$ cat input-v7.csv   # CSV, C-alpha atoms and all ligand atoms
chain,number,residue,atom,x,y,z
A,1205,MET,CA,33.2,-0.6,-0.6
A,1206,ASN,CA,31.8,0.7,2.7
A,1207,GLY,CA,34.3,-1.3,4.7
A,1208,LEU,CA,33.1,-4.7,3.5
A,1209,THR,CA,35.3,-7.7,3.2
A,1210,TRP,CA,35.5,-9.0,-0.4
A,1211,PHE,CA,36.3,-12.4,-1.6
A,1212,ASP,CA,37.3,-14.1,-4.9
A,1213,THR,CA,34.4,-16.6,-5.4
A,1214,GLN,CA,33.8,-19.1,-8.1
A,1215,VAL,CA,30.5,-20.0,-9.9
A,1216,VAL,CA,30.0,-23.7,-9.2
A,1217,GLN,CA,26.5,-24.1,-10.6
A,1218,ALA,CA,24.2,-22.1,-12.9
A,1219,ARG,CA,20.7,-23.2,-13.8
A,1220,ASP,CA,17.5,-21.6,-15.2
A,1221,LEU,CA,14.6,-21.4,-12.8
A,1222,THR,CA,12.2,-19.7,-15.2
A,1223,PRO,CA,12.6,-18.4,-18.8
A,1224,THR,CA,14.0,-15.1,-17.3
A,1225,VAL,CA,15.5,-16.1,-13.9
A,1226,ARG,CA,18.8,-17.8,-13.6
A,1227,GLU,CA,20.2,-19.2,-10.3
A,1228,PHE,CA,23.9,-19.2,-9.5
A,1229,THR,CA,25.7,-21.0,-6.7
A,1230,LEU,CA,28.9,-19.3,-5.7
A,1231,GLN,CA,31.8,-21.0,-3.8
A,1232,PHE,CA,33.2,-18.7,-1.2
A,1233,PRO,CA,36.7,-19.5,0.1
A,1234,GLN,CA,35.3,-19.9,3.6
A,1235,ALA,CA,32.1,-20.8,5.4
A,1236,VAL,CA,29.4,-18.2,5.0
A,1237,THR,CA,26.6,-17.5,7.5
A,1238,ALA,CA,24.0,-15.2,6.0
A,1239,ALA,CA,21.1,-13.9,8.0
A,1240,ALA,CA,17.7,-14.3,6.4
A,1241,GLY,CA,17.1,-11.4,4.0
A,1242,ALA,CA,20.8,-10.7,3.6
A,1243,HIS,CA,22.4,-9.8,0.3
A,1244,ILE,CA,25.9,-9.8,-1.3
A,1245,ASN,CA,27.4,-7.2,-3.5
A,1246,VAL,CA,29.2,-8.4,-6.6
A,1247,GLN,CA,31.6,-6.7,-9.0
A,1248,VAL,CA,30.3,-6.7,-12.5
A,1249,MET,CA,31.6,-5.1,-15.7
A,1250,VAL,CA,29.3,-2.7,-17.5
A,1251,GLY,CA,30.9,-1.6,-20.8
A,1252,ASN,CA,34.5,-1.5,-19.7
A,1253,LEU,CA,33.8,-0.1,-16.2
A,1254,PRO,CA,33.6,-2.1,-13.0
A,1255,GLU,CA,30.4,-1.5,-11.1
A,1256,THR,CA,28.7,-3.1,-8.1
A,1257,ARG,CA,25.4,-4.8,-8.0
A,1258,SER,CA,23.5,-6.3,-5.0
A,1259,TYR,CA,21.7,-9.7,-5.0
A,1260,SER,CA,19.7,-11.2,-2.2
A,1261,ILE,CA,21.0,-14.5,-0.8
A,1262,VAL,CA,18.4,-17.3,-1.4
A,1263,ASP,CA,20.4,-19.8,0.6
A,1264,SER,CA,23.9,-20.2,2.2
A,1265,HIS,CA,25.7,-23.2,3.5
A,1266,PRO,CA,28.6,-24.0,5.9
A,1267,ASN,CA,30.6,-25.3,2.9
A,1268,GLY,CA,30.9,-21.7,1.6
A,1269,HIS,CA,28.1,-22.1,-1.0
A,1270,VAL,CA,25.9,-19.0,-1.5
A,1271,VAL,CA,22.9,-19.1,-3.8
A,1272,ILE,CA,21.6,-16.1,-5.6
A,1273,ALA,CA,19.2,-15.6,-8.5
A,1274,VAL,CA,19.3,-13.0,-11.3
A,1275,LYS,CA,16.5,-11.9,-13.6
A,1276,ALA,CA,17.1,-10.8,-17.2
A,1277,VAL,CA,15.8,-7.2,-17.2
A,1278,ASP,CA,15.1,-5.5,-20.5
A,1279,ALA,CA,15.8,-2.1,-18.9
A,1280,SER,CA,18.8,-3.4,-17.1
A,1281,ARG,CA,21.7,-1.0,-16.3
A,1282,GLY,CA,24.0,-3.8,-17.6
A,1283,GLY,CA,24.5,-5.8,-14.4
A,1284,SER,CA,22.0,-8.5,-15.1
A,1285,GLN,CA,23.4,-9.0,-18.6
A,1286,TYR,CA,26.9,-9.5,-17.2
A,1287,MET,CA,25.7,-11.9,-14.5
A,1288,ARG,CA,23.6,-14.0,-16.8
A,1289,LEU,CA,26.6,-14.8,-18.9
A,1290,LEU,CA,28.5,-16.3,-16.0
A,1291,LYS,CA,29.3,-20.0,-16.3
A,1292,PRO,CA,30.5,-22.7,-13.8
A,1293,GLY,CA,34.2,-22.0,-13.3
A,1294,THR,CA,33.9,-18.2,-13.7
A,1295,ARG,CA,35.5,-16.2,-10.9
A,1296,LEU,CA,33.4,-13.4,-9.4
A,1297,ARG,CA,34.4,-10.8,-6.8
A,1298,ALA,CA,31.8,-10.8,-4.1
A,1299,SER,CA,31.4,-9.2,-0.7
A,1300,GLU,CA,30.6,-10.8,2.6
A,1301,PRO,CA,26.8,-11.0,3.3
A,1302,VAL,CA,25.2,-7.7,4.3
A,1303,SER,CA,22.1,-7.9,6.5
A,1304,LEU,CA,19.7,-5.0,6.2
A,1305,PHE,CA,16.4,-6.9,5.9
A,1306,GLU,CA,16.0,-9.4,8.7
A,1307,PRO,CA,12.6,-10.9,9.5
A,1308,ALA,CA,10.5,-9.6,12.3
A,1309,TRP,CA,10.8,-12.4,14.8
A,1310,ASN,CA,8.3,-11.2,17.4
A,1311,ALA,CA,5.4,-10.0,15.3
A,1312,PRO,CA,2.0,-11.6,15.9
A,1313,GLU,CA,1.9,-12.4,12.2
A,1314,VAL,CA,4.2,-11.7,9.3
A,1315,LEU,CA,2.9,-11.2,5.7
A,1316,LEU,CA,5.6,-11.7,3.0
A,1317,LEU,CA,4.7,-10.0,-0.2
A,1318,ALA,CA,6.9,-10.8,-3.2
A,1319,GLY,CA,6.6,-9.4,-6.7
A,1320,GLY,CA,8.5,-11.3,-9.4
A,1321,ILE,CA,12.3,-11.6,-8.7
A,1322,GLY,CA,11.5,-9.8,-5.3
A,1323,VAL,CA,10.9,-13.4,-4.1
A,1324,THR,CA,14.6,-14.0,-3.5
A,1325,PRO,CA,15.1,-12.4,-0.1
A,1326,LEU,CA,11.6,-13.7,1.0
A,1327,VAL,CA,12.5,-17.3,0.4
A,1328,SER,CA,15.0,-17.1,3.2
A,1329,HIS,CA,12.5,-15.1,5.3
A,1330,ALA,CA,9.9,-17.9,4.8
A,1331,ARG,CA,12.5,-20.6,5.7
A,1332,ALA,CA,13.7,-18.8,8.8
A,1333,LEU,CA,10.2,-17.9,10.1
A,1334,THR,CA,8.8,-21.4,9.6
A,1335,GLN,CA,11.9,-22.9,11.3
A,1336,ARG,CA,11.1,-20.8,14.3
A,1337,ARG,CA,7.4,-21.6,14.0
A,1338,ARG,CA,6.4,-18.0,13.6
A,1339,PRO,CA,3.0,-17.2,12.1
A,1340,VAL,CA,3.7,-16.3,8.5
A,1341,ARG,CA,1.8,-16.2,5.2
A,1342,MET,CA,3.0,-15.2,1.8
A,1343,ALA,CA,1.5,-13.6,-1.3
A,1344,TYR,CA,3.7,-14.1,-4.4
A,1345,LEU,CA,2.8,-12.1,-7.5
A,1346,VAL,CA,4.1,-13.3,-10.8
A,1347,ARG,CA,3.6,-12.1,-14.4
A,1348,ASN,CA,2.7,-15.6,-15.8
A,1349,ALA,CA,2.7,-19.2,-14.8
A,1350,GLN,CA,6.2,-19.8,-16.2
A,1351,GLU,CA,7.8,-17.2,-13.9
A,1352,GLN,CA,7.1,-18.9,-10.6
A,1353,ALA,CA,10.7,-19.2,-9.3
A,1354,TYR,CA,11.0,-21.1,-6.1
A,1355,ALA,CA,7.3,-22.0,-6.0
A,1356,ASP,CA,7.9,-25.6,-5.0
A,1357,PRO,CA,10.2,-25.0,-2.0
A,1358,LEU,CA,7.9,-22.2,-0.9
A,1359,ARG,CA,4.9,-24.6,-1.1
A,1360,ASP,CA,6.9,-27.1,1.0
A,1361,LEU,CA,7.6,-24.5,3.6
A,1362,LEU,CA,4.3,-22.7,3.7
A,1363,GLY,CA,1.6,-25.0,2.4
A,1364,GLU,CA,-1.7,-23.2,2.3
A,1365,ALA,CA,-0.2,-20.1,3.8
A,1366,LEU,CA,1.3,-19.4,0.3
A,1367,ASP,CA,-0.9,-17.7,-2.2
A,1368,ILE,CA,0.6,-17.4,-5.7
A,1369,HIS,CA,-1.1,-14.8,-7.9
A,1370,VAL,CA,-0.6,-15.1,-11.7
A,1371,ALA,CA,-1.2,-11.8,-13.3
A,1372,ASP,CA,-2.3,-13.0,-16.8
A,1373,ALA,CA,-4.7,-15.6,-15.3
A,1374,ASP,CA,-6.0,-14.3,-12.0
A,1375,PRO,CA,-8.0,-11.2,-11.1
A,1376,ALA,CA,-5.9,-8.3,-9.7
A,1377,PRO,CA,-4.8,-9.0,-6.1
A,1378,ASP,CA,-6.7,-7.1,-3.4
A,1379,LEU,CA,-3.9,-5.5,-1.6
A,1380,HIS,CA,-6.2,-3.7,0.8
A,1381,ALA,CA,-7.7,-7.0,1.9
A,1382,LEU,CA,-4.3,-8.7,2.2
A,1383,ILE,CA,-3.1,-6.0,4.5
A,1384,SER,CA,-6.4,-5.6,6.4
A,1385,ALA,CA,-6.1,-9.3,7.4
A,1386,LEU,CA,-2.9,-8.5,9.4
A,1387,PRO,CA,-3.4,-7.9,13.1
A,1388,PRO,CA,-2.7,-4.3,14.1
A,1389,ASP,CA,0.9,-5.1,15.1
A,1390,GLY,CA,1.4,-7.5,12.2
A,1391,GLN,CA,4.5,-6.9,10.0
A,1392,LEU,CA,4.8,-6.8,6.3
A,1393,ALA,CA,8.0,-7.6,4.5
A,1394,MET,CA,8.0,-7.0,0.8
A,1395,CYS,CA,10.2,-6.9,-2.2
A,1396,GLY,CA,9.1,-6.2,-5.7
A,1397,PRO,CA,8.7,-3.6,-8.4
A,1398,ILE,CA,8.5,0.1,-7.4
A,1399,GLY,CA,4.8,0.4,-8.4
A,1400,LEU,CA,3.8,-2.5,-6.1
A,1401,MET,CA,5.9,-1.1,-3.2
A,1402,GLU,CA,4.4,2.4,-3.6
A,1403,ALA,CA,0.9,1.0,-3.6
A,1404,VAL,CA,1.6,-1.0,-0.5
A,1405,ARG,CA,3.1,2.0,1.3
A,1406,SER,CA,0.1,4.1,0.4
A,1407,ILE,CA,-2.4,1.5,1.8
A,1408,TRP,CA,-0.3,1.0,4.9
A,1409,ALA,CA,-0.4,4.7,5.6
A,1410,GLN,CA,-4.2,4.8,4.9
A,1411,GLN,CA,-4.8,2.0,7.4
A,1412,GLY,CA,-2.8,4.0,10.0
A,1413,ARG,CA,-0.3,1.3,10.6
A,1414,SER,CA,3.1,1.9,12.1
A,1415,ARG,CA,5.8,2.6,9.6
A,1416,ALA,CA,8.1,0.5,11.7
A,1417,ASN,CA,6.1,-2.6,10.9
A,1418,LEU,CA,6.5,-2.2,7.2
A,1419,ARG,CA,9.8,-3.5,5.9
A,1420,TYR,CA,11.0,-3.6,2.3
A,1421,GLU,CA,14.0,-4.5,0.3
A,1422,THR,CA,14.7,-2.6,-2.9
A,1423,PHE,CA,17.7,-2.5,-5.1
A,1424,GLY,CA,16.4,0.5,-7.0
A,1425,ALA,CA,16.6,-1.3,-10.4
A,1426,SER,CA,13.0,-1.0,-11.4
A,1427,GLY,CA,11.4,2.3,-12.5
A,1428,HIS,CA,8.1,3.6,-13.9
A,1429,HIS,CA,9.8,4.2,-17.2
A,1430,PRO,CA,12.3,2.4,-19.4
A,1431,THR,CA,15.9,3.1,-18.6
A,1432,GLN,CA,17.2,5.8,-21.0
A,1433,ALA,CA,20.3,7.9,-21.3
A,1434,PHE,CA,19.9,11.5,-20.1
A,1435,THR,CA,22.0,14.7,-19.4
A,1436,VAL,CA,22.6,16.4,-16.1
A,1437,HIS,CA,23.4,20.1,-16.1
A,1438,VAL,CA,25.2,21.4,-13.1
A,1439,PRO,CA,25.3,25.2,-13.6
A,1440,ARG,CA,27.1,26.1,-10.4
A,1441,LEU,CA,30.1,24.0,-11.7
A,1442,GLY,CA,29.5,24.8,-15.4
A,1443,ILE,CA,29.4,21.0,-16.1
A,1444,ASP,CA,27.1,18.9,-18.3
A,1445,VAL,CA,27.2,15.2,-17.5
A,1446,ASN,CA,25.9,12.5,-19.8
A,1447,VAL,CA,24.4,9.5,-18.0
A,1448,GLY,CA,24.4,6.3,-20.1
A,1449,THR,CA,21.8,3.5,-19.9
A,1450,GLY,CA,24.3,1.3,-18.1
A,1451,GLN,CA,25.2,4.0,-15.5
A,1452,THR,CA,23.6,5.6,-12.5
A,1453,MET,CA,23.5,9.4,-12.2
A,1454,LEU,CA,25.5,9.0,-9.0
A,1455,ASP,CA,28.4,7.2,-10.8
A,1456,ALA,CA,28.3,9.6,-13.8
A,1457,LEU,CA,28.4,12.7,-11.4
A,1458,ASN,CA,31.3,11.2,-9.5
A,1459,ALA,CA,33.2,10.2,-12.7
A,1460,ALA,CA,32.8,13.9,-13.8
A,1461,GLY,CA,34.3,15.1,-10.6
A,1462,VAL,CA,31.0,16.2,-9.0
A,1463,ALA,CA,31.7,14.5,-5.7
A,1464,THR,CA,28.4,13.1,-4.5
A,1465,LEU,CA,28.1,11.3,-1.2
A,1466,SER,CA,26.3,7.9,-1.1
A,1467,ASN,CA,25.8,5.0,1.3
A,1468,CYS,CA,23.2,2.4,0.5
A,1469,ARG,CA,23.1,3.0,-3.3
A,1470,ARG,CA,19.7,1.4,-3.3
A,1471,GLY,CA,17.4,4.5,-2.9
A,1472,GLU,CA,16.9,4.0,0.8
A,1473,CYS,CA,19.1,6.3,2.8
A,1474,GLY,CA,18.8,9.6,0.9
A,1475,LEU,CA,22.4,10.5,1.3
A,1476,CYS,CA,22.9,11.0,-2.5
A,1477,SER,CA,20.0,13.4,-2.8
A,1478,VAL,CA,20.4,16.4,-5.2
A,1479,ASP,CA,18.3,19.5,-5.6
A,1480,ILE,CA,16.4,19.7,-8.8
A,1481,ILE,CA,16.4,23.2,-10.4
A,1482,ALA,CA,14.6,22.2,-13.6
A,1483,ALA,CA,13.7,19.1,-15.5
A,1484,ASN,CA,13.2,18.6,-19.2
A,1485,GLY,CA,11.6,15.2,-19.2
A,1486,THR,CA,9.9,13.0,-16.7
A,1487,ILE,CA,11.7,12.3,-13.4
A,1488,ASP,CA,11.6,8.6,-12.7
A,1489,HIS,CA,11.8,8.4,-9.0
A,1490,ARG,CA,13.1,4.9,-8.1
A,1491,ASP,CA,13.9,5.5,-4.5
A,1492,VAL,CA,11.9,4.6,-1.4
A,1493,PHE,CA,13.5,7.4,0.7
A,1494,TYR,CA,11.1,10.1,-0.4
A,1495,SER,CA,7.4,9.8,0.1
A,1496,PRO,CA,5.1,9.9,-3.0
A,1497,ALA,CA,4.1,13.4,-2.0
A,1498,GLN,CA,7.8,14.5,-1.8
A,1499,GLN,CA,8.5,12.9,-5.1
A,1500,ALA,CA,5.6,14.7,-6.7
A,1501,GLU,CA,7.1,18.0,-5.6
A,1502,GLN,CA,10.0,17.3,-8.0
A,1503,ARG,CA,12.4,19.2,-5.8
A,1504,LYS,CA,14.9,16.4,-5.0
A,1505,MET,CA,16.0,13.1,-6.4
A,1506,CYS,CA,18.2,10.3,-5.3
A,1507,ALA,CA,21.1,10.2,-7.7
A,1508,CYS,CA,21.9,6.5,-7.0
A,1509,VAL,CA,18.7,5.1,-8.5
A,1510,SER,CA,16.4,7.8,-9.9
A,1511,ARG,CA,16.7,8.9,-13.5
A,1512,ILE,CA,15.1,11.1,-16.2
A,1513,ALA,CA,13.0,9.5,-18.9
A,1514,GLY,CA,14.0,11.1,-22.1
A,1515,GLY,CA,15.5,14.5,-21.5
A,1516,SER,CA,17.7,16.3,-19.1
A,1517,VAL,CA,17.7,17.6,-15.5
A,1518,THR,CA,19.4,20.7,-14.0
A,1519,ILE,CA,20.6,20.2,-10.5
A,1520,GLU,CA,22.3,21.8,-7.6
A,1521,PRO,CA,24.5,19.0,-6.1
A,1522,ALA,CA,24.7,18.7,-2.3
A,1523,TRP,CA,28.5,19.0,-2.5
A,1524,ARG,CA,29.8,22.4,-1.3
A,1525,GLY,CA,33.5,21.8,-1.6
A,1526,ASP,CA,35.9,23.8,-3.7
A,1527,PRO,CA,34.2,24.0,-7.1
A,1528,ASP,CA,37.5,23.2,-8.8
A,1529,TRP,CA,38.7,20.4,-6.6
A,1530,GLY,CA,37.9,17.0,-8.0
A,1531,ARG,CA,37.3,18.1,-11.6
A,1532,PRO,CA,39.2,15.8,-13.9
A,1533,GLU,CA,41.2,18.5,-15.6
A,1534,ILE,CA,42.1,20.0,-12.2
A,1535,LEU,CA,43.1,16.6,-10.8
A,1536,GLN,CA,45.2,16.0,-13.9
A,1537,ARG,CA,46.8,19.4,-13.4
A,1538,THR,CA,47.5,18.8,-9.7
A,1539,THR,CA,48.8,15.2,-10.0
A,1540,SER,CA,51.0,15.6,-13.2
B,1601,LIG,S1,23.0,6.3,-1.6
B,1601,LIG,FE1,21.3,5.9,-0.3
B,1601,LIG,S2,19.6,6.7,-1.3
B,1601,LIG,FE2,21.2,7.0,-2.7

$ encode --input "input-v7.csv" --output "structure tokens"
Amino acid sequence: MNGLTWFDTQVVQARDLTPTVREFTLQFPQAVTAAAGAHINVQVMVGNLPETRSYSIVDSHPNGHVVIAVKAVDASRGGSQYMRLLKPGTRLRASEPVSLFEPAWNAPEVLLLAGGIGVTPLVSHARALTQRRRPVRMAYLVRNAQEQAYADPLRDLLGEALDIHVADADPAPDLHALISALPPDGQLAMCGPIGLMEAVRSIWAQQGRSRANLRYETFGASGHHPTQAFTVHVPRLGIDVNVGTGQTMLDALNAAGVATLSNCRRGECGLCSVDIIAANGTIDHRDVFYSPAQQAEQRKMCACVSRIAGGSVTIEPAWRGDPDWGRPEILQRTTS
């Protein structure tokens, strides 16, 4: 995928960090050097179909060990269920590390903001920034006291610069105050649920801060609504496509022969965007490519992550090729 080098790795250790977060150590066949904030892609099976999922690297070692952590997600598209069943000795196809979320080395101060399992890329940020003695503080938001994955190593790294906020015990975090405490050129790196990320983006804009100083990592897995199956109507091609709960709209369209371009597959680049003609059901925008105002217009959606909550959507795909080319029955006809 995307020109990456892939490896046959082996799970060498698996352990529960919290009731819902399980950590895996993978043995790569060669030394792995991963930049802070990097992730790997892994090949999982959802149903009987191979799919790709991305997981942030918590740590990596010269002996080829790469550590990732996976949360059990109720509304999972199937990847986390597959991953959590892996045991020591299991083989797993995994890509080389991909670095898209490096820390800001020269900022006067960095605020790391983690929500739940979003802590994983920020553990490596905290480690790298403290090793370079950069000014860093961290706010870590968890649902309850049992869900504090990596709290101890983070306390060792950050000491009093770490603030853990437990949702069912503490008052709601004051995001305005957290961000206001950053110097004007301070940087914020965050990873967490889409609601948290949208709130932070909105406050960041209200405070007139530079967009370049706001960095975020998202794997497009969390939405505003539970993951449900839905139908996509493509009237120009006369096709109706069913999207299962374990599938993305992008994969379902491509499987149906509606060739849809993609790159990041994480709701960040916008390449997979399709035009919405009509929606019967709520559009669950899970991307960070479109602004909240653009999402509210309901004119476009990112097929790689966004979905419909209970209903269907009628779209005009971006693809302008031969309307017959790529359709399964046509491919069958032309290749048999
Ligand atoms: S492929 Fe990048 S936003 Fe969908």

$ atom_distance --input "input-v7.csv" --atom1 "CA of Pro1430 in chain A" --atom2 "CA of Leu1296 in chain A"
28.2 Å

$ residues_near_ligand --input "input-v7.csv" --ligand "ligand LIG 1601 (chain B)" --cutoff "10 Å" --atoms "all atoms listed in the file" --output "list in words"
Gly1424, Leu1454, Thr1464, Leu1465, Ser1466, Asn1467, Cys1468, Arg1469, Arg1470, Gly1471, Glu1472, Cys1473, Gly1474, Leu1475, Cys1476, Ser1477, Val1478, Arg1490, Asp1491, Val1492, Phe1493, Tyr1494, Met1505, Cys1506, Ala1507, Cys1508, Val1509 and Ser1510 of chain A

$ residues_around --input "input-v7.csv" --residues "Gly1448 in chain A" --least-positions-apart "5" --cutoff "12 Å" --atoms "all atoms listed in the file" --output "number ranges by chain"
A: 1250-1251, 1280-1282, 1431-1436, 1453-1457, 1511-1514

$ atom_distance --input "input-v7.csv" --atom1 "CA of Ile1398 in chain A" --atom2 "CA of Ala1522 in chain A"
25.2 Å

$ closest_residue --input "input-v7.csv" --among "A:Ile1481, A:Val1462, A:Gln1352, A:Met1401" --to "Pro1496 in chain A" --atoms "only C-alpha atoms"
A:Met1401

$ closest_residue --input "input-v7.csv" --among "A:Trp1309, A:Phe1228, A:Tyr1259, A:Tyr1420" --to "Gly1396 in chain A" --atoms "all atoms listed in the file"
A:Tyr1420

$ residues_around --input "input-v7.csv" --residues "Val1271 in chain A" --least-positions-apart "5" --cutoff "7 Å" --atoms "only C-alpha atoms" --output "VMD selection string"
chain A and resid 1228 to 1230 1261 to 1264

$ residues_around --input "input-v7.csv" --residues "Arg1503 in chain A" --least-positions-apart "4" --cutoff "8 Å" --atoms "all atoms listed in the file" --output "number ranges by chain"
A: 1479-1481, 1498-1499

$ closest_residue --input "input-v7.csv" --among "A:Leu1418, A:Leu1221, A:Leu1333, A:Ala1298" --to "Leu1208 in chain A" --atoms "only C-alpha atoms"
A:Ala1298

$ atom_distance --input "input-v7.csv" --atom1 "CA of Gln1335 in chain A" --atom2 "CA of Tyr1354 in chain A"
17.5 Å

$ closest_residue --input "input-v7.csv" --among "A:Gly1412, A:Pro1521, A:Gly1399, A:Pro1375" --to "Asn1458 in chain A" --atoms "all atoms listed in the file"
A:Pro1521

$ residues_near_point --input "input-v7.csv" --point "(8.5, -4.8, -10.7)" --cutoff "12 Å" --atoms "only C-alpha atoms" --output "PyMOL selection string"
chain A and resi 1275+1277-1279+1318-1323+1345-1347+1394-1403+1422-1430+1490

$ write_last_selection --input "input-v7.csv" --atoms "C-alpha atoms" --output "mmCIF file, in the frame of the given file"
data_model
loop_
_atom_site.group_PDB
_atom_site.id
_atom_site.type_symbol
_atom_site.label_atom_id
_atom_site.label_comp_id
_atom_site.auth_asym_id
_atom_site.auth_seq_id
_atom_site.Cartn_x
_atom_site.Cartn_y
_atom_site.Cartn_z
ATOM 1 C CA LYS A 1275 16.500 -11.900 -13.600
ATOM 2 C CA VAL A 1277 15.800 -7.200 -17.200
ATOM 3 C CA ASP A 1278 15.100 -5.500 -20.500
ATOM 4 C CA ALA A 1279 15.800 -2.100 -18.900
ATOM 5 C CA ALA A 1318 6.900 -10.800 -3.200
ATOM 6 C CA GLY A 1319 6.600 -9.400 -6.700
ATOM 7 C CA GLY A 1320 8.500 -11.300 -9.400
ATOM 8 C CA ILE A 1321 12.300 -11.600 -8.700
ATOM 9 C CA GLY A 1322 11.500 -9.800 -5.300
ATOM 10 C CA VAL A 1323 10.900 -13.400 -4.100
ATOM 11 C CA LEU A 1345 2.800 -12.100 -7.500
ATOM 12 C CA VAL A 1346 4.100 -13.300 -10.800
ATOM 13 C CA ARG A 1347 3.600 -12.100 -14.400
ATOM 14 C CA MET A 1394 8.000 -7.000 0.800
ATOM 15 C CA CYS A 1395 10.200 -6.900 -2.200
ATOM 16 C CA GLY A 1396 9.100 -6.200 -5.700
ATOM 17 C CA PRO A 1397 8.700 -3.600 -8.400
ATOM 18 C CA ILE A 1398 8.500 0.100 -7.400
ATOM 19 C CA GLY A 1399 4.800 0.400 -8.400
ATOM 20 C CA LEU A 1400 3.800 -2.500 -6.100
ATOM 21 C CA MET A 1401 5.900 -1.100 -3.200
ATOM 22 C CA GLU A 1402 4.400 2.400 -3.600
ATOM 23 C CA ALA A 1403 0.900 1.000 -3.600
ATOM 24 C CA THR A 1422 14.700 -2.600 -2.900
ATOM 25 C CA PHE A 1423 17.700 -2.500 -5.100
ATOM 26 C CA GLY A 1424 16.400 0.500 -7.000
ATOM 27 C CA ALA A 1425 16.600 -1.300 -10.400
ATOM 28 C CA SER A 1426 13.000 -1.000 -11.400
ATOM 29 C CA GLY A 1427 11.400 2.300 -12.500
ATOM 30 C CA HIS A 1428 8.100 3.600 -13.900
ATOM 31 C CA HIS A 1429 9.800 4.200 -17.200
ATOM 32 C CA PRO A 1430 12.300 2.400 -19.400
ATOM 33 C CA ARG A 1490 13.100 4.900 -8.100
#

$ decode --input "input-v7.csv" --residues "range 1265-1277 of chain A" --atoms "N, CA, C and O atoms" --output "mmCIF file, in the first residue's frame"
data_model
loop_
_atom_site.group_PDB
_atom_site.id
_atom_site.type_symbol
_atom_site.label_atom_id
_atom_site.label_comp_id
_atom_site.auth_asym_id
_atom_site.auth_seq_id
_atom_site.Cartn_x
_atom_site.Cartn_y
_atom_site.Cartn_z
ATOM 1 N N HIS A 1265 12.581 -0.399 19.280
ATOM 2 C CA HIS A 1265 13.899 -0.746 19.816
ATOM 3 C C HIS A 1265 14.809 -1.249 18.699
ATOM 4 O O HIS A 1265 14.330 -1.803 17.697
ATOM 5 N N PRO A 1266 16.114 -1.109 18.880
ATOM 6 C CA PRO A 1266 17.059 -1.572 17.852
ATOM 7 C C PRO A 1266 16.961 -3.074 17.597
ATOM 8 O O PRO A 1266 17.373 -3.549 16.536
ATOM 9 N N ASN A 1267 16.430 -3.842 18.554
ATOM 10 C CA ASN A 1267 16.319 -5.290 18.331
ATOM 11 C C ASN A 1267 15.124 -5.656 17.458
ATOM 12 O O ASN A 1267 14.805 -6.834 17.283
ATOM 13 N N GLY A 1268 14.428 -4.639 16.921
ATOM 14 C CA GLY A 1268 13.297 -4.916 16.037
ATOM 15 C C GLY A 1268 11.960 -4.989 16.754
ATOM 16 O O GLY A 1268 10.936 -5.263 16.130
ATOM 17 N N HIS A 1269 11.950 -4.735 18.052
ATOM 18 C CA HIS A 1269 10.676 -4.737 18.786
ATOM 19 C C HIS A 1269 9.937 -3.410 18.557
ATOM 20 O O HIS A 1269 10.528 -2.333 18.661
ATOM 21 N N VAL A 1270 8.660 -3.527 18.260
ATOM 22 C CA VAL A 1270 7.801 -2.358 18.095
ATOM 23 C C VAL A 1270 6.580 -2.560 18.982
ATOM 24 O O VAL A 1270 5.940 -3.620 18.937
ATOM 25 N N VAL A 1271 6.274 -1.564 19.792
ATOM 26 C CA VAL A 1271 5.171 -1.676 20.755
ATOM 27 C C VAL A 1271 3.995 -0.829 20.289
ATOM 28 O O VAL A 1271 4.160 0.354 19.962
ATOM 29 N N ILE A 1272 2.817 -1.451 20.238
ATOM 30 C CA ILE A 1272 1.583 -0.736 19.913
ATOM 31 C C ILE A 1272 0.537 -1.096 20.972
ATOM 32 O O ILE A 1272 0.731 -2.037 21.738
ATOM 33 N N ALA A 1273 -0.542 -0.333 21.014
ATOM 34 C CA ALA A 1273 -1.627 -0.648 21.950
ATOM 35 C C ALA A 1273 -2.948 -0.498 21.213
ATOM 36 O O ALA A 1273 -3.111 0.398 20.384
ATOM 37 N N VAL A 1274 -3.885 -1.383 21.543
ATOM 38 C CA VAL A 1274 -5.162 -1.445 20.823
ATOM 39 C C VAL A 1274 -6.297 -1.394 21.828
ATOM 40 O O VAL A 1274 -6.280 -2.109 22.833
ATOM 41 N N LYS A 1275 -7.251 -0.542 21.542
ATOM 42 C CA LYS A 1275 -8.416 -0.442 22.434
ATOM 43 C C LYS A 1275 -9.577 -1.260 21.880
ATOM 44 O O LYS A 1275 -9.826 -1.259 20.668
ATOM 45 N N ALA A 1276 -10.282 -1.929 22.776
ATOM 46 C CA ALA A 1276 -11.512 -2.618 22.375
ATOM 47 C C ALA A 1276 -12.573 -1.553 22.156
ATOM 48 O O ALA A 1276 -12.892 -0.807 23.070
ATOM 49 N N VAL A 1277 -13.056 -1.463 20.936
ATOM 50 C CA VAL A 1277 -14.021 -0.417 20.592
ATOM 51 C C VAL A 1277 -15.351 -1.084 20.280
ATOM 52 O O VAL A 1277 -15.429 -1.937 19.398
#
